[in-house]
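Containing mmCIF, C-alpha atoms: start_27.cif.
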```cif
data_protein
loop_
_atom_site.label_atom_id
_atom_site.label_comp_id
_atom_site.auth_asym_id
_atom_site.auth_seq_id
_atom_site.Cartn_x
_atom_site.Cartn_y
_atom_site.Cartn_z
CA MET K 264 -39.66 -95.84 45.77
CA CYS K 265 -40.35 -98.50 48.36
CA LEU K 266 -42.72 -96.24 50.25
CA GLY K 267 -46.18 -97.45 51.11
CA ILE K 268 -48.63 -94.77 52.13
CA PRO K 269 -52.04 -95.17 53.78
CA GLY K 270 -54.87 -93.85 51.61
CA GLN K 271 -58.65 -93.89 51.89
CA VAL K 272 -60.81 -95.10 49.01
CA VAL K 273 -63.16 -92.26 47.99
CA GLN K 274 -64.64 -93.58 44.73
CA VAL K 275 -64.56 -96.70 42.58
CA VAL K 276 -63.75 -95.29 39.15
CA ASP K 277 -63.82 -98.39 36.94
CA PRO K 278 -64.99 -101.64 38.59
CA ALA K 279 -64.06 -103.81 35.57
CA GLU K 280 -60.45 -102.54 35.61
CA CYS K 281 -60.36 -102.42 39.45
CA LEU K 282 -59.53 -98.71 39.41
CA ALA K 283 -60.41 -96.47 42.35
CA SER K 284 -59.72 -92.93 43.49
CA VAL K 285 -57.89 -92.72 46.84
CA ASP K 286 -57.20 -89.79 49.10
CA VAL K 287 -53.68 -89.62 50.53
CA SER K 288 -53.34 -86.67 52.93
CA GLY K 289 -55.74 -84.59 50.83
CA VAL K 290 -54.24 -85.55 47.44
CA ARG K 291 -56.39 -87.74 45.18
CA ARG K 292 -55.12 -90.21 42.64
CA THR K 293 -56.48 -93.14 40.70
CA ILE K 294 -54.90 -96.43 41.72
CA SER K 295 -55.45 -100.12 41.00
CA LEU K 296 -57.28 -102.32 43.52
CA ARG K 297 -56.41 -105.41 41.47
CA LEU K 298 -54.14 -106.89 44.19
CA VAL K 299 -56.80 -106.58 46.91
CA ALA K 300 -59.83 -107.34 44.72
CA ASP K 301 -60.61 -110.55 46.65
CA GLU K 302 -61.03 -108.60 49.87
CA GLY K 303 -64.11 -106.66 48.76
CA VAL K 304 -62.63 -103.19 49.21
CA GLY K 305 -65.12 -100.33 49.12
CA VAL K 306 -65.48 -96.61 49.61
CA GLY K 307 -64.25 -95.55 53.06
CA ASP K 308 -61.75 -98.41 53.44
CA TRP K 309 -58.09 -97.62 54.10
CA VAL K 310 -55.47 -99.28 51.92
CA LEU K 311 -51.68 -99.25 51.77
CA VAL K 312 -50.71 -97.66 48.44
CA HIS K 313 -47.44 -98.50 46.67
CA VAL K 314 -46.49 -97.44 43.10
CA GLY K 315 -50.12 -97.00 42.08
CA PHE K 316 -51.45 -100.22 43.63
CA ALA K 317 -53.25 -101.03 46.86
CA LEU K 318 -51.05 -103.73 48.41
CA SER K 319 -53.10 -104.41 51.52
CA VAL K 320 -56.30 -103.38 53.28
CA ILE K 321 -55.47 -101.63 56.56
CA ASP K 322 -57.18 -103.33 59.46
CA ALA K 323 -58.61 -100.66 61.79
CA ALA K 324 -59.00 -103.09 64.71
CA GLU K 325 -55.37 -104.23 64.40
CA ALA K 326 -54.19 -100.61 64.27
CA ALA K 327 -56.09 -99.88 67.48
CA THR K 328 -54.67 -103.00 69.13
CA THR K 329 -51.10 -102.01 68.22
CA LEU K 330 -51.59 -98.54 69.69
CA GLU K 331 -53.04 -100.11 72.83
CA GLN K 332 -50.07 -102.46 73.09
CA ILE K 333 -47.68 -99.54 72.71
CA LYS K 334 -49.33 -97.98 75.74
CA LEU K 335 -48.94 -101.20 77.75
CA LEU K 336 -45.77 -102.79 76.36
CA GLY K 337 -42.89 -103.04 78.69
CA GLN K 338 -44.90 -101.80 81.66
CA PRO K 339 -43.46 -104.43 84.03
CA TYR K 340 -39.97 -103.34 83.05
CA ILE K 341 -40.83 -99.65 83.41
CA ASP K 342 -42.26 -100.33 86.87
CA GLU K 343 -39.15 -102.24 87.82
CA MET K 344 -36.92 -99.46 86.53
CA ASP K 345 -38.94 -96.83 88.38
CA ALA K 346 -38.67 -98.89 91.53
CA PHE K 347 -34.93 -99.28 90.95
CA VAL K 348 -34.44 -95.56 90.48
CA LEU K 349 -36.85 -94.31 93.12
CA THR K 350 -36.14 -96.59 96.04
CA GLU K 351 -33.14 -96.26 98.28
CA ILE K 352 -31.77 -98.58 100.89
CA VAL K 353 -30.64 -96.34 103.66
CA MET L 226 -58.55 -93.19 62.22
CA ASP L 227 -55.41 -91.43 61.06
CA TYR L 228 -52.79 -94.10 60.44
CA VAL L 229 -49.86 -91.71 60.34
CA ASP L 230 -50.14 -89.19 63.19
CA GLN L 231 -51.16 -91.76 65.78
CA PHE L 232 -47.90 -93.60 65.21
CA ARG L 233 -45.84 -90.48 65.80
CA ASP L 234 -47.11 -89.53 69.28
CA PRO L 235 -44.20 -88.11 71.34
CA GLY L 236 -45.72 -89.24 74.65
CA ASP L 237 -45.90 -92.83 73.49
CA ALA L 238 -42.37 -92.57 72.10
CA LYS L 239 -41.13 -91.54 75.56
CA ARG L 240 -42.85 -94.52 77.15
CA LEU L 241 -41.31 -96.89 74.63
CA LEU L 242 -37.86 -95.37 75.09
CA LYS L 243 -38.16 -95.84 78.82
CA ALA L 244 -39.16 -99.47 78.38
CA ILE L 245 -36.27 -99.99 75.95
CA ALA L 246 -33.82 -98.43 78.41
CA ALA L 247 -35.03 -100.74 81.17
CA LEU L 248 -34.72 -103.82 78.95
CA ALA L 249 -31.26 -102.79 77.69
CA GLU L 250 -30.10 -102.29 81.26
CA ARG L 251 -31.39 -105.72 82.18
CA LEU L 252 -29.60 -107.34 79.23
CA GLY L 253 -26.39 -105.52 80.07
CA ARG L 254 -24.67 -106.09 76.74
CA THR L 255 -24.55 -104.63 73.24
CA VAL L 256 -27.48 -105.59 71.00
CA ARG L 257 -27.07 -105.22 67.23
CA LEU L 258 -30.33 -105.11 65.29
CA MET L 259 -30.41 -105.09 61.50
CA GLU L 260 -33.13 -103.08 59.82
CA VAL L 261 -33.41 -104.90 56.52
CA CYS L 262 -35.39 -102.26 54.68
CA GLY L 263 -34.14 -98.89 53.47
CA GLY L 264 -37.49 -97.36 54.43
CA HIS L 265 -36.66 -98.14 58.05
CA THR L 266 -33.18 -96.66 57.68
CA HIS L 267 -34.84 -93.48 56.39
CA THR L 268 -37.23 -93.27 59.39
CA ILE L 269 -34.40 -93.98 61.87
CA TYR L 270 -32.34 -91.02 60.62
CA ARG L 271 -35.18 -88.69 59.83
CA TYR L 272 -36.41 -88.93 63.44
CA GLY L 273 -32.96 -89.38 64.98
CA LEU L 274 -34.06 -92.62 66.65
CA GLU L 275 -30.52 -93.99 66.97
CA LYS L 276 -29.61 -91.01 69.16
CA LEU L 277 -32.60 -91.62 71.45
CA LEU L 278 -31.77 -95.26 72.18
CA PRO L 279 -29.35 -96.50 74.85
CA ALA L 280 -25.76 -96.69 73.58
CA SER L 281 -25.88 -100.48 73.88
CA VAL L 282 -28.59 -100.78 71.19
CA GLU L 283 -27.14 -100.44 67.72
CA PHE L 284 -28.86 -100.32 64.33
CA VAL L 285 -27.10 -102.17 61.53
CA HIS L 286 -28.29 -101.20 58.06
CA GLY L 287 -29.26 -104.04 55.75
CA PRO L 288 -29.45 -104.74 52.03
CA GLY L 289 -33.13 -103.85 51.52
CA CYS L 290 -32.86 -100.75 49.40
CA PRO L 291 -33.85 -101.86 45.89
CA VAL L 292 -32.04 -98.98 44.21
CA CYS L 293 -28.86 -99.62 46.19
CA VAL L 294 -28.45 -103.28 45.22
CA ILE L 295 -28.55 -102.76 41.44
CA PRO L 296 -25.07 -103.50 40.06
CA MET L 297 -23.40 -101.04 37.68
CA GLY L 298 -23.62 -103.33 34.65
CA ARG L 299 -27.42 -103.35 34.86
CA VAL L 300 -27.47 -99.53 34.96
CA ASP L 301 -25.29 -99.53 31.84
CA ASP L 302 -27.80 -101.86 30.16
CA ALA L 303 -30.59 -99.42 31.11
CA VAL L 304 -28.63 -96.48 29.66
CA TYR L 305 -27.99 -98.55 26.50
CA LEU L 306 -31.73 -99.22 26.07
CA ALA L 307 -32.65 -95.60 26.84
CA SER L 308 -30.16 -94.33 24.25
CA ARG L 309 -31.80 -96.21 21.33
CA SER L 310 -33.74 -93.77 19.17
CA SER L 311 -36.77 -96.07 18.92
CA VAL L 312 -37.12 -96.35 22.71
CA ILE L 313 -39.04 -94.42 25.33
CA PHE L 314 -37.41 -95.56 28.57
CA THR L 315 -39.62 -95.33 31.66
CA THR L 316 -38.30 -95.55 35.20
CA PHE L 317 -39.01 -94.71 38.83
CA GLY L 318 -37.44 -91.34 39.67
CA ASP L 319 -34.99 -92.92 42.14
CA MET L 320 -33.17 -94.77 39.38
CA MET L 321 -32.46 -91.64 37.33
CA ARG L 322 -29.31 -90.63 39.23
CA VAL L 323 -27.79 -94.08 39.81
CA PRO L 324 -24.39 -94.02 38.14
CA GLY L 325 -23.30 -96.75 35.74
CA ALA L 326 -19.84 -96.97 34.20
CA GLY L 327 -21.21 -94.94 31.29
CA GLY L 328 -23.07 -92.39 33.39
CA SER L 329 -26.64 -92.26 34.70
CA LEU L 330 -30.05 -92.21 33.03
CA LEU L 331 -30.24 -88.52 33.92
CA GLN L 332 -27.05 -87.90 31.94
CA ALA L 333 -28.40 -90.00 29.06
CA GLN L 334 -31.54 -87.85 29.11
CA ALA L 335 -29.37 -84.70 28.94
CA ARG L 336 -27.72 -86.20 25.84
CA GLY L 337 -31.15 -86.52 24.21
CA ALA L 338 -32.39 -89.96 25.26
CA ASP L 339 -36.16 -90.14 25.80
CA VAL L 340 -36.18 -91.07 29.51
CA ARG L 341 -39.40 -90.47 31.39
CA PHE L 342 -39.96 -91.04 35.07
CA VAL L 343 -43.19 -92.64 36.16
CA TYR L 344 -44.91 -93.11 39.51
CA SER L 345 -46.36 -96.50 38.61
CA PRO L 346 -45.65 -99.23 36.03
CA LEU L 347 -49.25 -98.64 34.89
CA ASP L 348 -48.13 -95.15 33.79
CA ALA L 349 -45.50 -96.82 31.59
CA LEU L 350 -48.23 -98.96 30.06
CA LYS L 351 -50.21 -95.80 29.32
CA VAL L 352 -47.18 -94.28 27.57
CA ALA L 353 -46.98 -97.45 25.43
CA ARG L 354 -50.65 -97.25 24.44
CA GLU L 355 -50.28 -93.57 23.54
CA ASN L 356 -47.12 -94.15 21.47
CA PRO L 357 -47.80 -97.22 19.29
CA ASP L 358 -44.91 -96.35 16.92
CA ARG L 359 -42.29 -96.31 19.73
CA GLU L 360 -40.82 -99.10 21.87
CA VAL L 361 -41.66 -98.41 25.51
CA VAL L 362 -39.44 -100.11 28.09
CA PHE L 363 -40.12 -100.11 31.84
CA PHE L 364 -37.11 -100.38 34.19
CA ALA L 365 -38.53 -102.80 36.76
CA VAL L 366 -36.66 -102.80 40.07
CA GLY L 367 -37.66 -103.73 43.59
CA PHE L 368 -38.33 -106.56 45.99
CA GLU L 369 -41.59 -108.48 46.40
CA THR L 370 -43.21 -105.17 47.41
CA THR L 371 -43.00 -103.84 43.87
CA ALA L 372 -42.86 -107.00 41.76
CA PRO L 373 -46.65 -107.67 41.92
CA SER L 374 -47.31 -104.23 40.39
CA THR L 375 -45.06 -105.11 37.46
CA ALA L 376 -46.82 -108.48 37.22
CA VAL L 377 -50.25 -106.84 36.93
CA THR L 378 -48.87 -104.42 34.34
CA VAL L 379 -47.40 -107.18 32.16
CA SER L 380 -50.62 -109.17 32.31
CA ARG L 381 -52.55 -106.02 31.29
CA ALA L 382 -50.12 -105.54 28.38
CA GLU L 383 -50.98 -109.08 27.27
CA ALA L 384 -54.71 -108.39 27.62
CA PHE L 385 -54.39 -105.20 25.54
CA GLY L 386 -52.37 -107.11 22.93
CA LEU L 387 -49.56 -104.53 23.10
CA ASP L 388 -46.50 -105.31 21.02
CA ASN L 389 -44.47 -102.17 21.81
CA PHE L 390 -44.15 -102.66 25.59
CA SER L 391 -41.42 -104.52 27.43
CA VAL L 392 -39.90 -104.76 30.89
CA PHE L 393 -36.21 -104.68 31.82
CA CYS L 394 -36.68 -106.94 34.81
CA ASN L 395 -34.46 -106.49 37.86
CA HIS L 396 -36.88 -107.69 40.52
CA VAL L 397 -35.29 -109.48 43.45
CA THR L 398 -36.43 -111.59 46.36
CA ILE L 399 -35.68 -110.94 50.03
CA ALA L 400 -34.79 -114.29 51.63
CA PRO L 401 -31.64 -115.22 49.62
CA PRO L 402 -29.63 -112.07 50.47
CA LEU L 403 -30.55 -112.46 54.16
CA ARG L 404 -29.30 -116.03 54.05
CA ALA L 405 -26.15 -114.90 52.24
CA LEU L 406 -25.48 -112.31 54.98
CA LEU L 407 -26.17 -114.77 57.80
CA ASP L 408 -24.10 -117.54 56.17
CA GLY L 409 -21.12 -115.18 56.01
CA ASP L 410 -19.18 -115.22 59.26
CA ASP L 411 -18.22 -111.57 59.54
CA LEU L 412 -21.54 -110.14 60.82
CA ALA L 413 -22.64 -110.50 64.44
CA LEU L 414 -26.36 -109.76 64.79
CA ASP L 415 -28.92 -110.11 67.58
CA GLY L 416 -32.11 -109.77 65.54
CA PHE L 417 -33.96 -108.19 62.67
CA ILE L 418 -36.37 -105.32 62.23
CA GLY L 419 -38.24 -107.14 59.46
CA PRO L 420 -39.26 -105.45 56.20
CA GLY L 421 -42.92 -104.48 56.62
CA HIS L 422 -43.83 -103.80 53.03
CA VAL L 423 -42.14 -106.88 51.59
CA ALA L 424 -44.01 -108.84 54.28
CA THR L 425 -47.30 -107.33 53.07
CA VAL L 426 -46.81 -109.49 49.97
CA VAL L 427 -44.82 -112.52 51.20
CA GLY L 428 -46.43 -112.72 54.67
CA ALA L 429 -44.86 -112.67 58.15
CA ARG L 430 -44.46 -116.47 58.04
CA HIS L 431 -42.00 -116.16 55.16
CA PHE L 432 -39.36 -115.19 57.76
CA ASP L 433 -39.80 -118.24 60.02
CA PHE L 434 -36.44 -119.53 58.77
CA ILE L 435 -34.62 -116.75 60.64
CA PRO L 436 -35.42 -118.03 64.16
CA ALA L 437 -35.66 -121.68 63.03
CA GLU L 438 -32.34 -121.87 61.16
CA TYR L 439 -30.30 -118.97 62.53
CA GLY L 440 -31.67 -118.67 66.08
CA LEU L 441 -32.44 -114.94 65.77
CA PRO L 442 -35.65 -113.02 66.50
CA LEU L 443 -37.35 -110.98 63.77
CA VAL L 444 -40.16 -108.47 64.19
CA VAL L 445 -42.06 -107.48 61.04
CA THR L 446 -42.26 -103.71 61.48
CA GLY L 447 -44.15 -100.67 60.21
CA PHE L 448 -42.51 -97.43 59.10
CA GLU L 449 -43.57 -94.81 61.61
CA PRO L 450 -41.24 -93.90 64.50
CA LEU L 451 -43.43 -95.65 67.10
CA ASP L 452 -43.47 -98.79 64.96
CA ILE L 453 -39.69 -98.99 64.98
CA LEU L 454 -39.39 -98.22 68.70
CA GLN L 455 -42.00 -100.86 69.48
CA ALA L 456 -40.11 -103.38 67.35
CA VAL L 457 -36.88 -102.64 69.25
CA GLU L 458 -38.79 -103.13 72.51
CA MET L 459 -40.19 -106.46 71.28
CA LEU L 460 -36.77 -107.70 70.12
CA LEU L 461 -35.14 -106.80 73.45
CA GLU L 462 -38.00 -108.43 75.32
CA GLN L 463 -37.46 -111.64 73.33
CA HIS L 464 -33.82 -111.60 74.40
CA VAL L 465 -34.70 -110.96 78.05
CA ASP L 466 -37.27 -113.78 77.98
CA GLY L 467 -34.99 -116.13 76.04
CA ARG L 468 -37.38 -116.49 73.10
CA ARG L 469 -36.61 -116.47 69.37
CA LEU L 470 -39.70 -115.83 67.26
CA VAL L 471 -41.12 -114.02 64.28
CA GLN L 472 -43.51 -111.41 65.67
CA ASN L 473 -45.73 -109.13 63.62
CA GLN L 474 -45.72 -105.55 64.91
CA TYR L 475 -47.29 -104.32 61.63
CA ALA L 476 -50.45 -106.45 61.90
CA ARG L 477 -52.62 -103.55 60.72
CA VAL L 478 -51.14 -104.11 57.26
CA VAL L 479 -49.31 -107.47 57.21
CA ARG L 480 -51.05 -110.88 57.36
CA ALA L 481 -49.30 -114.12 58.29
CA ASP L 482 -49.77 -115.47 54.75
CA GLY L 483 -49.25 -112.17 52.93
CA ASN L 484 -51.17 -111.19 49.81
CA ARG L 485 -52.09 -114.44 48.06
CA ALA L 486 -53.45 -112.76 44.94
CA ALA L 487 -50.15 -110.90 44.51
CA LEU L 488 -48.10 -114.05 45.05
CA ALA L 489 -50.22 -115.99 42.56
CA LEU L 490 -49.77 -113.31 39.90
CA MET L 491 -46.01 -113.19 40.52
CA GLY L 492 -45.95 -116.96 40.06
CA GLU L 493 -47.59 -116.59 36.64
CA VAL L 494 -45.55 -113.68 35.33
CA PHE L 495 -42.06 -114.33 36.80
CA THR L 496 -39.56 -117.18 37.01
CA LEU L 497 -36.55 -117.22 39.34
CA ARG L 498 -33.23 -116.84 37.52
CA ASP L 499 -30.52 -119.37 38.39
CA SER L 500 -28.40 -116.55 39.72
CA PHE L 501 -28.50 -112.74 39.95
CA GLU L 502 -25.83 -110.19 40.77
CA TRP L 503 -26.23 -107.84 43.76
CA ARG L 504 -24.12 -104.79 44.35
CA GLY L 505 -21.69 -105.57 47.15
CA LEU L 506 -23.05 -109.07 47.70
CA GLY L 507 -22.02 -110.61 44.38
CA PHE L 508 -23.99 -113.36 42.64
CA ILE L 509 -26.69 -115.02 44.77
CA GLU L 510 -28.48 -118.14 43.58
CA ARG L 511 -32.21 -117.92 42.85
CA SER L 512 -32.43 -114.34 44.11
CA GLY L 513 -33.71 -112.50 41.04
CA TYR L 514 -36.70 -112.76 38.71
CA ARG L 515 -37.05 -112.75 34.94
CA LEU L 516 -40.32 -112.89 33.00
CA SER L 517 -41.74 -116.39 32.65
CA ASP L 518 -41.75 -118.14 29.27
CA ARG L 519 -45.43 -117.28 28.75
CA PHE L 520 -44.62 -113.57 28.97
CA ALA L 521 -41.20 -113.76 27.26
CA ARG L 522 -42.30 -111.42 24.47
CA PHE L 523 -42.47 -108.61 27.04
CA ASP L 524 -38.89 -109.26 28.21
CA ALA L 525 -36.61 -106.40 27.11
CA GLU L 526 -33.54 -108.62 27.55
CA LEU L 527 -34.89 -110.94 24.85
CA ARG L 528 -36.34 -108.21 22.62
CA PHE L 529 -33.13 -106.17 22.43
CA ASP L 530 -29.54 -107.20 21.96
CA MET L 531 -28.23 -106.11 25.35
CA PRO L 532 -24.56 -105.56 26.22
CA GLY L 533 -25.04 -107.37 29.58
CA ALA L 534 -21.49 -106.53 30.67
CA ARG L 535 -20.42 -107.07 34.25
CA VAL L 536 -18.83 -103.93 35.67
CA ALA L 537 -16.90 -103.81 38.93
CA ASP L 538 -17.86 -101.10 41.43
CA PRO L 539 -15.59 -98.03 41.53
CA PRO L 540 -12.61 -98.86 43.77
CA ALA L 541 -13.27 -95.90 46.11
CA CYS L 542 -16.90 -96.93 46.70
CA GLU L 543 -17.67 -99.01 49.79
CA CYS L 544 -21.40 -99.52 49.18
CA GLY L 545 -20.82 -103.27 49.40
CA SER L 546 -19.62 -103.05 53.00
CA VAL L 547 -22.42 -100.59 53.86
CA LEU L 548 -25.05 -102.91 52.36
CA LYS L 549 -23.67 -105.84 54.35
CA GLY L 550 -23.81 -103.81 57.57
CA LEU L 551 -20.03 -104.13 57.99
CA ILE L 552 -19.30 -100.40 58.12
CA LYS L 553 -21.30 -97.29 58.96
CA PRO L 554 -21.77 -94.93 56.00
CA TRP L 555 -19.45 -92.26 57.38
CA ARG L 556 -16.60 -94.76 57.57
CA CYS L 557 -16.50 -94.88 53.76
CA ARG L 558 -13.48 -92.96 52.45
CA VAL L 559 -15.51 -90.90 49.96
CA PHE L 560 -18.59 -90.24 52.16
CA GLY L 561 -19.58 -86.58 51.95
CA THR L 562 -16.45 -85.65 50.02
CA GLY L 563 -16.17 -87.45 46.67
CA CYS L 564 -19.66 -88.94 47.09
CA THR L 565 -22.69 -86.74 47.85
CA PRO L 566 -26.38 -86.93 46.89
CA GLU L 567 -25.69 -84.31 44.17
CA ASN L 568 -22.74 -86.25 42.73
CA PRO L 569 -23.07 -89.83 43.95
CA ILE L 570 -20.39 -92.43 43.32
CA GLY L 571 -22.30 -95.27 44.95
CA THR L 572 -25.98 -96.26 44.95
CA CYS L 573 -26.36 -95.91 48.74
CA MET L 574 -25.94 -92.14 48.33
CA VAL L 575 -28.59 -91.93 45.58
CA SER L 576 -31.83 -93.27 46.96
CA PRO L 577 -33.50 -91.51 49.90
CA GLU L 578 -33.71 -95.02 51.35
CA GLY L 579 -29.97 -95.58 50.99
CA ALA L 580 -28.07 -95.59 54.28
CA CYS L 581 -25.49 -93.06 53.05
CA ALA L 582 -28.10 -90.57 51.79
CA ALA L 583 -30.09 -90.95 55.03
CA TYR L 584 -26.97 -90.20 57.06
CA TYR L 585 -25.91 -87.35 54.81
CA ASN L 586 -29.33 -85.68 54.85
CA PHE L 587 -30.37 -86.15 58.46
CA ALA L 588 -27.57 -87.29 60.75
CA ARG L 589 -25.46 -84.80 62.62
CA ILE L 590 -22.12 -86.47 62.99
#
```

Could you spell out this file's structure in structure tokens?
Amino acid sequence: MCLGIPGQVVQVVDPAECLASVDVSGVRRTISLRLVADEGVGVGDWVLVHVGFALSVIDAAEAATTLEQIKLLGQPYIDEMDAFVLTEIV
Amino acid sequence: MDYVDQFRDPGDAKRLLKAIAALAERLGRTVRLMEVCGGHTHTIYRYGLEKLLPASVEFVHGPGCPVCVIPMGRVDDAVYLASRSSVIFTTFGDMMRVPGAGGSLLQAQARGADVRFVYSPLDALKVARENPDREVVFFAVGFETTAPSTAVTVSRAEAFGLDNFSVFCNHVTIAPPLRALLDGDDLALDGFIGPGHVATVVGARHFDFIPAEYGLPLVVTGFEPLDILQAVEMLLEQHVDGRRLVQNQYARVVRADGNRAALALMGEVFTLRDSFEWRGLGFIERSGYRLSDRFARFDAELRFDMPGARVADPPACECGSVLKGLIKPWRCRVFGTGCTPENPIGTCMVSPEGACAAYYNFARI
């Protein structure tokens, strides 16, 4: 029950009640945007959905940064390890 | 951008595993990392991450499975409410199979109780509006991740002027059980994989007390395999560099200050109880929420005369030790024999986020 799933807002259904239709892996469902109403969420935005509510707006730039970091993280240690494994003192 | 597939890339996983191996080698000692959240436990076993890591890096499962920490007496109260003929009892599906001393909600339903499972508390509100002649009770469980959703629902019930809707409130808060675990002296830990979805609401800064007061690193972490591997890498790197910080690996979703609107609503709708009972952890001060005085008329515990009995866990069940990270699930005497997902004795075998169910379903021991 504690799952949060990324979904993309496809339509604002009822602005007064903060209800919107989101697409989660091809499945559509109406959820509440009440908890992210201050952030000006619109069609096309990605949100984290939990028990029928958007809990957070997913930040595309931060997602890209994290993926970039994953590609770089630990590189000095990997290099050191490679050097450790590959070099031999004869 | 696809926020799921990109965080499951096998090539990136290999890179991270290599980096982790190098860091572990450099540290040259065992490192025990607690994943607080049951969602992380689920990912770890589903993808077999613990088998991919160096033997010196160990995952310790924490108390962050909301279904698992509900004590038996509260389940009995839920079954009591559900069994009243006037009541439609609404609950998340996960809670249906949790055994109380007098059986589970699923068994109550088989005996004729009107128990309905809902995806969202808003669905429970809809049931209440459609059934004005019945009492509709929502079984509210969960940490700060879920509590704001209940808060919105209760405030909507007030706006609609509903008088047949109430909440059996079992919401809990994350910091007190972590303190209780760390204040106990039987658990040696080297850091935390911090609960990403709780942090969405409370903010990454909420966990500053872990390095400040307990000298341990914590990395707020997402739920995909790469997220968890990256968090392990970051925690090991902190140890290698001699730092102790809260870092936010899940910055695409979690802000330093969390979701202020959600926190404000929780402040209106809930009040901390003086004390609340946790399965396996006992009573912890100021760790659970009830409805605030303004919303007291939606509080099922005030609306109905509840038994409220305290029931000890079954003697064979070792969920308490599993929840405290003291034993691995398979060390429990009834794991996989007397206690299975089909016929659970303890809560940790019920929820897909429970450590025992995760082991039973995915681990090859």

Report task. Could you tell me which residues the PyMOL selection byres ((chain L) within 6 of (chain K)) returns for this structure, as an NGL selection string? Result -> :L and (244 or 247 or 344-345 or 476-478 or 486-487)

With C-alpha atoms kept, could you save the residues just selected as a PDB file, keeping the file's coordinate frame?
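Contents of part_24.pdb, as written:
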```
ATOM      1  CA  ALA L 244     -39.160 -99.470  78.380  1.00  0.00           C
ATOM      2  CA  ALA L 247     -35.030-100.740  81.170  1.00  0.00           C
ATOM      3  CA  TYR L 344     -44.910 -93.110  39.510  1.00  0.00           C
ATOM      4  CA  SER L 345     -46.360 -96.500  38.610  1.00  0.00           C
ATOM      5  CA  ALA L 476     -50.450-106.450  61.900  1.00  0.00           C
ATOM      6  CA  ARG L 477     -52.620-103.550  60.720  1.00  0.00           C
ATOM      7  CA  VAL L 478     -51.140-104.110  57.260  1.00  0.00           C
ATOM      8  CA  ALA L 486     -53.450-112.760  44.940  1.00  0.00           C
ATOM      9  CA  ALA L 487     -50.150-110.900  44.510  1.00  0.00           C
TER      10      ALA L 487
END
```

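Contact shell of Val275 of chain K at 9 Å (all atoms listed in the file; same-chain neighbours under 6 positions omitted): Cys281, Leu282, Ala283, Ser284, Val285, Gly305 and Val306 of chain K.
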
Query - Residues within 10 Å of Leu506 of chain L, all atoms listed in the file, excluding chain neighbours under 3 positions, as a count of residues only - result: 14

Report task. Would you mind telling me which residue in L:Ala537, L:Ala583, L:Ala372, L:Ile418 lies nearest to Leu441 of chain L when using all atoms listed in the file? Result -> L:Ile418

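Going from atom CA of Ala338 of chain L over to atom CA of Gly571 of chain L, you cover 22.8 Å.
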
Requested in this report: Step by step: start from the point (-45.9, -109.1, 26.7) in the file's coordinates, keep every protein, DNA or RNA residue that has an atom no farther than 7 Å from it, count all atoms listed in the file, and write the set as a list of chain:residue names.
Outcome: L:Val379, L:Ala382, L:Glu383, L:Leu387, L:Asp388, L:Phe390, L:Ser391, L:Phe520, L:Ala521, L:Arg522, L:Phe523

Requested in this report: Starting from the displayed file, determine the output of the PyMOL selection byres ((chain L and resi 340) around 7) and express the residue list as a PyMOL selection string.
Outcome: chain L and resi 307+313-315+334+338-339+341-342

Requested in this report: Taking the point (-46.5, -94.5, 63.4) as given in the file, collect each protein or nucleic acid residue that comes within 7 Å of it, counting all atoms listed in the file, and present the set as a count of residues only.
Outcome: 11

**Report entry** Nearest candidate to Gly561 of chain L (options L:Asn586, L:Asn395, L:Ser374, L:Asn389; using all atoms listed in the file)
**Finding:** L:Asn586

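A straight line drawn from atom CA of Tyr270 of chain L to atom CA of Ala580 of chain L is 8.9 Å long.
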
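Note that atom CA of Pro442 of chain L and atom CA of Leu252 of chain L are 15.2 Å apart.
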
Please reconstruct the missing atoms of segment 545-552 of chain L (target: N, CA and C atoms) and return them as an mmCIF file, in the coordinates of the input.
```
data_model
loop_
_atom_site.group_PDB
_atom_site.id
_atom_site.type_symbol
_atom_site.label_atom_id
_atom_site.label_comp_id
_atom_site.auth_asym_id
_atom_site.auth_seq_id
_atom_site.Cartn_x
_atom_site.Cartn_y
_atom_site.Cartn_z
ATOM 1 N N GLY L 545 -20.715 -101.854 49.076
ATOM 2 C CA GLY L 545 -20.820 -103.270 49.400
ATOM 3 C C GLY L 545 -20.750 -103.504 50.901
ATOM 4 N N SER L 546 -19.767 -102.874 51.555
ATOM 5 C CA SER L 546 -19.620 -103.050 53.000
ATOM 6 C C SER L 546 -20.753 -102.374 53.759
ATOM 7 N N VAL L 547 -21.283 -101.262 53.220
ATOM 8 C CA VAL L 547 -22.420 -100.590 53.860
ATOM 9 C C VAL L 547 -23.652 -101.491 53.759
ATOM 10 N N LEU L 548 -23.879 -102.071 52.584
ATOM 11 C CA LEU L 548 -25.050 -102.910 52.360
ATOM 12 C C LEU L 548 -25.012 -104.186 53.206
ATOM 13 N N LYS L 549 -23.801 -104.644 53.525
ATOM 14 C CA LYS L 549 -23.670 -105.840 54.350
ATOM 15 C C LYS L 549 -23.675 -105.512 55.829
ATOM 16 N N GLY L 550 -23.785 -104.219 56.160
ATOM 17 C CA GLY L 550 -23.810 -103.810 57.570
ATOM 18 C C GLY L 550 -22.430 -103.882 58.220
ATOM 19 N N LEU L 551 -21.371 -103.979 57.411
ATOM 20 C CA LEU L 551 -20.030 -104.130 57.990
ATOM 21 C C LEU L 551 -19.440 -102.796 58.412
ATOM 22 N N ILE L 552 -19.782 -101.717 57.704
ATOM 23 C CA ILE L 552 -19.300 -100.400 58.120
ATOM 24 C C ILE L 552 -20.466 -99.415 58.142
#
```
